[in-house]
Structure formats: structure tokens, C-alpha cells
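Asker: Got final.txt for you, compact mmCIF, C-alpha atoms and all ligand atoms:
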```txt
# COMPACT_ATOMS: atom_id res chain seq x y z
CA MET A 1 -42.51 -1.90 -24.15
CA ILE A 2 -44.61 -4.72 -25.64
CA VAL A 3 -46.28 -3.67 -28.89
CA VAL A 4 -49.29 -5.62 -30.18
CA HIS A 5 -49.92 -5.35 -33.91
CA HIS A 6 -53.66 -5.64 -33.77
CA LEU A 7 -55.99 -6.33 -36.69
CA ASN A 8 -59.65 -5.43 -36.18
CA ASN A 9 -62.06 -8.35 -35.60
CA SER A 10 -59.29 -10.87 -35.20
CA ARG A 11 -57.36 -13.31 -33.06
CA SER A 12 -55.15 -10.55 -31.75
CA GLN A 13 -57.99 -9.54 -29.40
CA ARG A 14 -56.89 -12.55 -27.32
CA VAL A 15 -53.42 -11.09 -26.83
CA LEU A 16 -54.84 -7.78 -25.60
CA TRP A 17 -57.03 -9.70 -23.18
CA LEU A 18 -54.05 -11.71 -21.88
CA LEU A 19 -52.02 -8.53 -21.36
CA GLU A 20 -54.91 -7.01 -19.42
CA GLU A 21 -55.19 -10.14 -17.26
CA LEU A 22 -51.47 -9.87 -16.52
CA GLY A 23 -51.74 -6.13 -15.83
CA LEU A 24 -48.88 -5.32 -18.21
CA GLU A 25 -48.20 -2.06 -20.04
CA TYR A 26 -48.45 -2.35 -23.79
CA GLU A 27 -49.00 -0.35 -26.93
CA VAL A 28 -51.63 -1.27 -29.53
CA ARG A 29 -50.84 -0.59 -33.20
CA ARG A 30 -54.00 -0.93 -35.22
CA TYR A 31 -54.47 -2.35 -38.70
CA GLU A 32 -57.78 -2.46 -40.55
CA ARG A 33 -58.97 -5.31 -42.73
CA ASP A 34 -59.71 -4.51 -46.36
CA PRO A 35 -63.53 -4.16 -46.26
CA ARG A 36 -63.93 -6.08 -49.53
CA THR A 37 -61.46 -8.96 -49.15
CA MET A 38 -61.29 -8.91 -45.32
CA MET A 39 -57.54 -9.49 -45.63
CA ALA A 40 -54.92 -7.69 -43.53
CA PRO A 41 -53.25 -4.61 -45.04
CA SER A 42 -49.78 -5.06 -46.53
CA ALA A 43 -48.35 -2.87 -43.74
CA LEU A 44 -48.44 -5.95 -41.50
CA LYS A 45 -45.88 -7.61 -43.79
CA GLN A 46 -43.41 -4.95 -42.73
CA VAL A 47 -43.72 -6.28 -39.17
CA HIS A 48 -43.62 -10.00 -40.01
CA PRO A 49 -43.27 -11.68 -43.45
CA LEU A 50 -46.56 -13.58 -43.08
CA GLY A 51 -48.50 -10.34 -42.67
CA LYS A 52 -50.97 -11.87 -40.18
CA SER A 53 -52.15 -10.78 -36.79
CA PRO A 54 -51.36 -11.15 -33.96
CA VAL A 55 -47.72 -10.20 -33.99
CA ILE A 56 -45.96 -8.71 -31.01
CA THR A 57 -42.67 -6.98 -30.65
CA ASP A 58 -40.90 -6.88 -27.32
CA GLY A 59 -37.50 -5.22 -27.50
CA PRO A 60 -35.52 -7.08 -30.18
CA LEU A 61 -38.10 -9.90 -30.41
CA THR A 62 -40.78 -10.10 -33.11
CA LEU A 63 -43.16 -13.00 -32.51
CA ALA A 64 -46.16 -14.25 -34.50
CA GLU A 65 -48.60 -17.13 -33.88
CA SER A 66 -51.05 -16.59 -31.06
CA GLY A 67 -50.23 -19.79 -29.16
CA ALA A 68 -46.53 -18.95 -29.16
CA ILE A 69 -47.22 -15.35 -28.14
CA ILE A 70 -49.40 -16.48 -25.25
CA GLU A 71 -46.84 -19.02 -24.09
CA TYR A 72 -44.07 -16.43 -24.32
CA LEU A 73 -45.94 -13.72 -22.42
CA VAL A 74 -47.08 -16.08 -19.66
CA SER A 75 -43.69 -17.68 -19.15
CA ARG A 76 -41.79 -14.40 -19.30
CA TYR A 77 -44.14 -12.08 -17.42
CA GLY A 78 -46.70 -14.33 -15.72
CA ALA A 79 -44.72 -14.92 -12.50
CA GLY A 80 -46.76 -18.08 -11.97
CA ARG A 81 -50.08 -16.57 -13.02
CA LEU A 82 -52.39 -17.93 -15.74
CA ALA A 83 -50.58 -21.26 -16.17
CA PRO A 84 -50.63 -24.37 -13.97
CA PRO A 85 -47.32 -25.39 -12.39
CA VAL A 86 -44.94 -27.11 -14.83
CA GLY A 87 -44.93 -30.88 -14.43
CA THR A 88 -48.56 -31.18 -13.35
CA LEU A 89 -51.32 -32.86 -15.32
CA GLU A 90 -53.02 -29.47 -15.58
CA TYR A 91 -49.91 -28.04 -17.23
CA THR A 92 -50.02 -30.77 -19.89
CA ARG A 93 -53.68 -29.96 -20.49
CA TYR A 94 -52.80 -26.27 -20.68
CA ILE A 95 -50.22 -26.93 -23.41
CA TYR A 96 -52.67 -29.22 -25.20
CA TRP A 97 -55.38 -26.52 -25.40
CA LEU A 98 -52.88 -23.87 -26.49
CA HIS A 99 -52.11 -26.07 -29.52
CA TYR A 100 -55.58 -27.51 -30.10
CA ALA A 101 -57.21 -24.12 -30.60
CA GLU A 102 -55.22 -23.23 -33.71
CA GLY A 103 -54.14 -26.71 -34.79
CA SER A 104 -57.42 -28.63 -34.62
CA VAL A 105 -60.59 -26.59 -34.27
CA MET A 106 -59.68 -23.46 -36.24
CA PRO A 107 -59.17 -25.27 -39.60
CA PRO A 108 -62.83 -26.35 -40.00
CA LEU A 109 -63.95 -22.92 -38.73
CA LEU A 110 -61.79 -21.30 -41.39
CA MET A 111 -63.21 -23.65 -44.04
CA ARG A 112 -66.71 -22.61 -42.95
CA LEU A 113 -65.70 -18.96 -43.40
CA VAL A 114 -64.32 -19.65 -46.88
CA PHE A 115 -67.39 -21.61 -48.02
CA ASN A 116 -69.69 -18.89 -46.63
CA ARG A 117 -67.78 -16.34 -48.64
CA ILE A 118 -67.93 -18.46 -51.80
CA ALA A 119 -71.68 -18.91 -51.33
CA ASN A 120 -72.46 -15.29 -50.47
CA GLY A 121 -69.58 -13.32 -51.93
CA PRO A 122 -69.49 -11.33 -55.15
CA VAL A 123 -69.13 -13.79 -58.05
CA PRO A 124 -70.39 -13.35 -61.64
CA PHE A 125 -74.16 -14.12 -61.73
CA PHE A 126 -73.81 -16.99 -64.21
CA ILE A 127 -71.56 -19.05 -61.92
CA LYS A 128 -73.30 -18.07 -58.67
CA PRO A 129 -75.66 -21.11 -58.56
CA ILE A 130 -72.75 -23.48 -59.25
CA ALA A 131 -70.49 -21.81 -56.69
CA ARG A 132 -73.28 -21.98 -54.10
CA LYS A 133 -73.94 -25.64 -54.80
CA ILE A 134 -70.27 -26.63 -54.52
CA ALA A 135 -69.83 -24.61 -51.33
CA ALA A 136 -72.99 -26.03 -49.76
CA THR A 137 -72.05 -29.62 -50.60
CA ALA A 138 -68.49 -29.28 -49.33
CA ASP A 139 -69.71 -27.60 -46.17
CA ARG A 140 -72.39 -30.22 -45.51
CA THR A 141 -70.17 -33.23 -46.17
CA ILE A 142 -66.79 -32.07 -44.83
CA VAL A 143 -67.08 -29.06 -42.56
CA ALA A 144 -70.34 -29.43 -40.65
CA PRO A 145 -69.62 -32.98 -39.38
CA GLN A 146 -66.15 -31.91 -38.18
CA LEU A 147 -67.53 -28.87 -36.40
CA LYS A 148 -70.13 -30.99 -34.64
CA VAL A 149 -67.44 -33.39 -33.39
CA HIS A 150 -65.35 -30.48 -32.06
CA LEU A 151 -68.22 -28.65 -30.39
CA ASP A 152 -69.51 -31.86 -28.76
CA TYR A 153 -65.99 -32.59 -27.55
CA LEU A 154 -65.47 -29.10 -26.14
CA GLU A 155 -68.87 -29.18 -24.43
CA GLY A 156 -67.93 -32.53 -22.86
CA GLU A 157 -64.56 -31.26 -21.65
CA LEU A 158 -66.22 -28.48 -19.66
CA GLY A 159 -68.20 -31.19 -17.90
CA ASN A 160 -64.94 -32.26 -16.23
CA SER A 161 -63.85 -28.85 -14.92
CA ASP A 162 -64.94 -25.20 -15.03
CA TRP A 163 -61.95 -24.19 -17.15
CA PHE A 164 -60.16 -26.00 -19.94
CA ALA A 165 -56.91 -26.81 -18.15
CA GLY A 166 -58.58 -27.61 -14.83
CA ARG A 167 -60.13 -25.82 -11.87
CA GLU A 168 -58.30 -22.53 -12.39
CA PHE A 169 -58.74 -20.01 -15.17
CA SER A 170 -55.61 -20.02 -17.35
CA ALA A 171 -54.27 -18.57 -20.59
CA ALA A 172 -55.51 -21.76 -22.29
CA ASP A 173 -59.03 -20.40 -21.78
CA ILE A 174 -57.97 -17.21 -23.53
CA GLN A 175 -56.60 -19.24 -26.43
CA VAL A 176 -59.73 -21.42 -26.75
CA SER A 177 -62.03 -18.40 -26.49
CA PHE A 178 -61.45 -17.34 -30.10
CA PRO A 179 -62.65 -20.56 -31.77
CA LEU A 180 -65.64 -20.58 -29.43
CA GLU A 181 -66.52 -17.00 -30.33
CA ALA A 182 -66.01 -17.83 -34.01
CA ALA A 183 -68.21 -20.93 -33.57
CA ARG A 184 -70.97 -18.81 -32.09
CA SER A 185 -70.72 -16.43 -35.01
CA ARG A 186 -70.53 -18.97 -37.84
CA ALA A 187 -70.97 -22.55 -36.63
CA GLY A 188 -74.26 -22.43 -34.77
CA LEU A 189 -72.88 -22.60 -31.23
CA ASP A 190 -75.95 -21.85 -29.13
CA ALA A 191 -77.87 -22.74 -25.96
CA SER A 192 -77.96 -26.40 -27.02
CA ARG A 193 -74.38 -26.48 -25.68
CA PRO A 194 -74.96 -24.81 -22.31
CA ARG A 195 -71.47 -25.30 -20.83
CA LEU A 196 -69.80 -23.59 -23.76
CA MET A 197 -72.31 -20.74 -23.66
CA ASN A 198 -71.78 -20.43 -19.93
CA PHE A 199 -68.01 -20.33 -20.52
CA LEU A 200 -68.50 -17.45 -22.97
CA ASP A 201 -70.72 -15.61 -20.46
CA ARG A 202 -68.11 -16.05 -17.73
CA ILE A 203 -65.20 -14.79 -19.83
CA HIS A 204 -67.21 -11.87 -21.19
CA ALA A 205 -67.86 -10.70 -17.63
CA ARG A 206 -64.16 -10.56 -16.70
CA PRO A 207 -62.94 -6.97 -16.20
CA ALA A 208 -59.76 -7.68 -18.20
CA TYR A 209 -61.79 -8.98 -21.14
CA LEU A 210 -63.88 -5.80 -21.14
CA LYS A 211 -60.83 -3.56 -20.80
CA ALA A 212 -59.19 -5.36 -23.74
CA LEU A 213 -62.28 -4.71 -25.86
CA GLU A 214 -61.91 -0.99 -25.10
CA ARG A 215 -58.27 -1.11 -26.18
CA GLY A 216 -58.90 -3.22 -29.28
CA GLY A 217 -61.97 -1.49 -30.67
CA LYS A 218 -64.71 -3.14 -32.68
CA TYR A 219 -64.74 -6.92 -32.29
CA ASP A 220 -67.34 -8.38 -34.57
CA LEU A 221 -66.16 -11.75 -35.81
CA LEU A 222 -66.50 -12.68 -39.46
CA LYS A 223 -69.33 -15.05 -40.41
N1 LIG B 1 -52.44 -19.44 -36.51
C1 LIG B 1 -52.23 -18.01 -36.59
C2 LIG B 1 -53.28 -17.43 -37.53
C3 LIG B 1 -53.05 -15.96 -37.85
C4 LIG B 1 -54.17 -15.43 -38.73
O1 LIG B 1 -54.58 -16.08 -39.70
N2 LIG B 1 -54.67 -14.24 -38.39
C5 LIG B 1 -55.76 -13.66 -39.12
C6 LIG B 1 -56.59 -12.80 -38.16
S1 LIG B 1 -57.81 -13.69 -37.30
C7 LIG B 1 -55.26 -12.69 -40.17
O2 LIG B 1 -54.26 -12.04 -39.96
N3 LIG B 1 -56.03 -12.56 -41.25
C8 LIG B 1 -55.83 -11.58 -42.28
C9 LIG B 1 -55.13 -12.13 -43.48
O3 LIG B 1 -54.94 -13.35 -43.58
O4 LIG B 1 -54.79 -11.34 -44.35
C10 LIG B 1 -52.34 -17.44 -35.16
O5 LIG B 1 -52.95 -18.07 -34.31
O6 LIG B 1 -51.77 -16.39 -34.89
```
For the structure just supplied, provide its representation as C-alpha cells.
Answerer:
Amino acid sequence: MIVVHHLNNSRSQRVLWLLEELGLEYEVRRYERDPRTMMAPSALKQVHPLGKSPVITDGPLTLAESGAIIEYLVSRYGAGRLAPPVGTLEYTRYIYWLHYAEGSVMPPLLMRLVFNRIANGPVPFFIKPIARKIAATADRTIVAPQLKVHLDYLEGELGNSDWFAGREFSAADIQVSFPLEAARSRAGLDASRPRLMNFLDRIHARPAYLKALERGGKYDLLK
């Protein structure tokens, strides 16, 4: 049985969604973020040394890293579903988006999260104005321009095809969904980028997406 070690409000929601799309049986083991630090509980370190989510176990295998998990589940259990045929241009695009989501667009989104927390988090009152100023300057000069480049790029890509890898929905769309949802929550993704918003509307209407939300519980991404 596949076990998903699922942290609330996190990337592991994508894995639940993928498993629902594939119609596979799985067990969800839940972990709650510390409400003050938002970090994962130490119990996750007993599953994998990094203590992050998602992690899956499948028989003797323990696997972390959402892109690797998605690739593993699709190649082992997909039976040709949710990935373009190997050797096609669409397959290369599929692999590209699996990597891009965590390797390229998530870093500036994570920096935005950190600077938001520095600006709004609990710091001693006498350093608060300085902390806010440093966070605002770093965000304005480093993070915001990068996020704009990524969101413009992603919006443009959906002008070429309905889904990221091509004409068919694939697991690459599941992988890219998390940065887009995070961008809506903390990077100002809105109706000024209609293709991305339409993509989010389309995925949110999928029965498997909704079923995965029921299995995963509250999904309210950090700002
Ligand atoms: N690149 C990794 C990132 C894993 C990761 O950072 N997960 C976050 C959840 S969104 C986490 O576990 N955060 C809690 C913590 O760092 O303590 C992946 O895609 O799986």
C-alpha cells in the first residue's frame, strides 16, 4: 500500500491529487505544522532524514521530493496515463515542467514567504522597523522582479497549449499547480494573467482534485 506522509497546507496535496487521478489506493498519514514556526513536526524526520513533506513509502521504498515522487508514481502505476509517450517533444516538456516547478519558480516564492514572515512576524519592537525595511528592500529588488518574469513566462506558455506539456492534461500540470496556487496566495497572481487563472479554475473543477482535498484536509497556503 502506498502511504503519503502529508503535511497540512503543503506540497504533498499534489501527491494526493495525483493518486486520485490515477485511481490508486493509498493511506494518508497526517502531520501538522507548528502553528508558530509553520515548520513540520520532528516526527517527519523519522520517515525521512530531511523531515519535509511530501514523502511516500511504497513497500520497501521511501521517496521524498515531489517531482521524483510524481515521476515514480506515473511511471510505475500510470500505465500510460498522465504522461506523454517517451521520446516525444511533449514528453521532454513534461520532464522540463516537473523540474521547473521546484527548481526555478519555487525559490523566489519561498523567498517571498520568508521576507513576508520577517516583515510581519514576531520580532522585538525595537528592531521591527529595521527588519521591515530590509525585508521590503530585498523583496522589491530581488524577489518581485523574478516573480514577474516567471509569471509572465508561465502565462505565455499557456498561450501555446491548454496544458503545460501540450494538448493533454498530465502530471506536469499537477506539479506546476503548487507554485501557481502559492503565487495566487502570496505573489499577486490575479485576473491580469487570465490564462493562469483559467488553468487554476480548470484544475479546481476536476473531481480528483476535489477528492484529494477531502482526503488531505485544510489546504490554505501560507502567505
Ligand atoms: N523540493 C521539495 C520541498 C519539500 C518542502 O520544503 N516541503 C515543505 C512543505 S510545502 C515542508 O515540508 N515544510 C516544512 C518544513 O520545512 O519544516 C519537494 O518538492 O518535495
Asker: Once you count all atoms listed in the file, what closest atom pair and distance in Å to one decimal does each residue of chain A within 7 Å of ligand LIG 1 (chain B) have, with rows by chain and rising residue number, as a Markdown table?
Answerer:
```
| residue | atom | partner | partner_atom | distance |
| --- | --- | --- | --- | --- |
| A:Leu7 | CA | B:LIG1 | C6 | 6.7 |
| A:Ser10 | CA | B:LIG1 | S1 | 3.8 |
| A:Arg11 | CA | B:LIG1 | S1 | 4.3 |
| A:Ser12 | CA | B:LIG1 | S1 | 6.9 |
| A:Met38 | CA | B:LIG1 | C8 | 6.8 |
| A:Met39 | CA | B:LIG1 | O4 | 3.6 |
| A:Ala40 | CA | B:LIG1 | O4 | 3.7 |
| A:Pro41 | CA | B:LIG1 | O4 | 6.9 |
| A:Gly51 | CA | B:LIG1 | O4 | 6.6 |
| A:Lys52 | CA | B:LIG1 | O2 | 3.3 |
| A:Ser53 | CA | B:LIG1 | O2 | 4.0 |
| A:Pro54 | CA | B:LIG1 | O6 | 5.3 |
| A:Ala64 | CA | B:LIG1 | O6 | 6.0 |
| A:Glu65 | CA | B:LIG1 | O6 | 3.4 |
| A:Ser66 | CA | B:LIG1 | O6 | 3.9 |
| A:Gly67 | CA | B:LIG1 | O5 | 6.1 |
| A:Glu102 | CA | B:LIG1 | N1 | 5.5 |
```
Asker: For a quick check of understanding, using all atoms listed in the file, which of A:Trp163, A:Ile70, A:Lys218, A:Ser185 has the smallest distance to Arg202 (chain A)?
Answerer: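 Ranking A:Trp163, A:Ile70, A:Lys218, A:Ser185 by distance to Arg202 (chain A), first place goes to A:Trp163.
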Asker: Give me the residues within 8 Å of Arg93 (chain A) as an mmCIF file with C-alpha atoms, in the coordinates of the input, counting all atoms listed in the file and dropping any in the same chain fewer than 4 places off.
Answerer:
```cif
data_model
loop_
_atom_site.group_PDB
_atom_site.id
_atom_site.type_symbol
_atom_site.label_atom_id
_atom_site.label_comp_id
_atom_site.auth_asym_id
_atom_site.auth_seq_id
_atom_site.Cartn_x
_atom_site.Cartn_y
_atom_site.Cartn_z
ATOM 1 C CA LEU A 89 -51.320 -32.860 -15.320
ATOM 2 C CA TRP A 97 -55.380 -26.520 -25.400
ATOM 3 C CA PHE A 164 -60.160 -26.000 -19.940
ATOM 4 C CA ALA A 165 -56.910 -26.810 -18.150
ATOM 5 C CA GLY A 166 -58.580 -27.610 -14.830
#
```
Asker: With only C-alpha atoms as the basis for distance, which of A:Leu147, A:Thr37, A:Val3, A:Ala131 is at the shortest distance from Pro60 (chain A)?
Answerer: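 Of all the options, A:Val3 lies closest to Pro60 (chain A).
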Asker: Pull the neighbourhood of (-71.1, -21.9, -23.0) for me: all residues within 10 Å in file coordinates, counting only C-alpha atoms, as a PyMOL selection string.
Answerer: chain A and resi 154-155+158+180-181+184+189-203
Asker: Which neighbours of Val105 (chain A) fall inside 10 Å, counting all atoms listed in the file, when residues of the same chain fewer than 6 positions from it are skipped, and could you give them as a PDB file with C-alpha atoms, in the coordinates of the input?
Answerer:
```
ATOM      1  CA  HIS A  99     -52.110 -26.070 -29.520  1.00  0.00           C
ATOM      2  CA  GLN A 146     -66.150 -31.910 -38.180  1.00  0.00           C
ATOM      3  CA  LEU A 147     -67.530 -28.870 -36.400  1.00  0.00           C
ATOM      4  CA  VAL A 149     -67.440 -33.390 -33.390  1.00  0.00           C
ATOM      5  CA  HIS A 150     -65.350 -30.480 -32.060  1.00  0.00           C
ATOM      6  CA  LEU A 151     -68.220 -28.650 -30.390  1.00  0.00           C
ATOM      7  CA  LEU A 154     -65.470 -29.100 -26.140  1.00  0.00           C
ATOM      8  CA  VAL A 176     -59.730 -21.420 -26.750  1.00  0.00           C
ATOM      9  CA  PRO A 179     -62.650 -20.560 -31.770  1.00  0.00           C
ATOM     10  CA  LEU A 180     -65.640 -20.580 -29.430  1.00  0.00           C
ATOM     11  CA  ALA A 183     -68.210 -20.930 -33.570  1.00  0.00           C
TER      12      ALA A 183
END
```
Asker: What lies within 12 Å of Ala119 (chain A) using all atoms listed in the file, ignoring chain neighbours under 2 positions off, as a PyMOL selection string?
Answerer: chain A and resi 112-117+121-125+127-139+223
Asker: Would you put the residues from that selection into a file with C-alpha atoms, as a PDB file, in the coordinates of the input?
Answerer:
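Resulting contents of part.pdb:
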```
ATOM      1  CA  ARG A 112     -66.710 -22.610 -42.950  1.00  0.00           C
ATOM      2  CA  LEU A 113     -65.700 -18.960 -43.400  1.00  0.00           C
ATOM      3  CA  VAL A 114     -64.320 -19.650 -46.880  1.00  0.00           C
ATOM      4  CA  PHE A 115     -67.390 -21.610 -48.020  1.00  0.00           C
ATOM      5  CA  ASN A 116     -69.690 -18.890 -46.630  1.00  0.00           C
ATOM      6  CA  ARG A 117     -67.780 -16.340 -48.640  1.00  0.00           C
ATOM      7  CA  GLY A 121     -69.580 -13.320 -51.930  1.00  0.00           C
ATOM      8  CA  PRO A 122     -69.490 -11.330 -55.150  1.00  0.00           C
ATOM      9  CA  VAL A 123     -69.130 -13.790 -58.050  1.00  0.00           C
ATOM     10  CA  PRO A 124     -70.390 -13.350 -61.640  1.00  0.00           C
ATOM     11  CA  PHE A 125     -74.160 -14.120 -61.730  1.00  0.00           C
ATOM     12  CA  ILE A 127     -71.560 -19.050 -61.920  1.00  0.00           C
ATOM     13  CA  LYS A 128     -73.300 -18.070 -58.670  1.00  0.00           C
ATOM     14  CA  PRO A 129     -75.660 -21.110 -58.560  1.00  0.00           C
ATOM     15  CA  ILE A 130     -72.750 -23.480 -59.250  1.00  0.00           C
ATOM     16  CA  ALA A 131     -70.490 -21.810 -56.690  1.00  0.00           C
ATOM     17  CA  ARG A 132     -73.280 -21.980 -54.100  1.00  0.00           C
ATOM     18  CA  LYS A 133     -73.940 -25.640 -54.800  1.00  0.00           C
ATOM     19  CA  ILE A 134     -70.270 -26.630 -54.520  1.00  0.00           C
ATOM     20  CA  ALA A 135     -69.830 -24.610 -51.330  1.00  0.00           C
ATOM     21  CA  ALA A 136     -72.990 -26.030 -49.760  1.00  0.00           C
ATOM     22  CA  THR A 137     -72.050 -29.620 -50.600  1.00  0.00           C
ATOM     23  CA  ALA A 138     -68.490 -29.280 -49.330  1.00  0.00           C
ATOM     24  CA  ASP A 139     -69.710 -27.600 -46.170  1.00  0.00           C
ATOM     25  CA  LYS A 223     -69.330 -15.050 -40.410  1.00  0.00           C
TER      26      LYS A 223
END
```
Asker: Pick the closest to Ile2 (chain A) from A:Tyr72, A:Tyr96, A:Phe178, A:Tyr31: which is it, counting all atoms listed in the file?
Answerer: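 Counting all atoms listed in the file, the residue closest to Ile2 (chain A) is A:Tyr72.
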Asker: What is the CA of Arg29 (chain A) to CA of Tyr94 (chain A) distance in Å?
Answerer: 28.6 Å
Asker: Pick out the closest residue to Asp220 (chain A) from this set: A:Met1, A:Leu19, A:Tyr26, A:Asn9. Count all atoms listed in the file.
Answerer: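 Checking each candidate against Asp220 (chain A), we get A:Asn9 as the closest.
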Asker: Could you please determine the separation between CA of Gly59 (chain A) and CA of Glu21 (chain A) in Å, to one decimal place?
Answerer: 21.0 Å
Asker: Counting only C-alpha atoms, write as a list in words all protein and nucleic acid residues lying at most 6 Å from (-51.0, -10.6, -18.0) in the file's frame.
Answerer: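 Residues close enough to count: Leu18, Leu19, Glu20, Glu21, Leu22, Gly23 and Leu24 of chain A.
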Asker: Could you jot down the CA of Gly217 (chain A) to CA of Gly188 (chain A) separation for me, Å, one decimal place?
Answerer: 24.6 Å
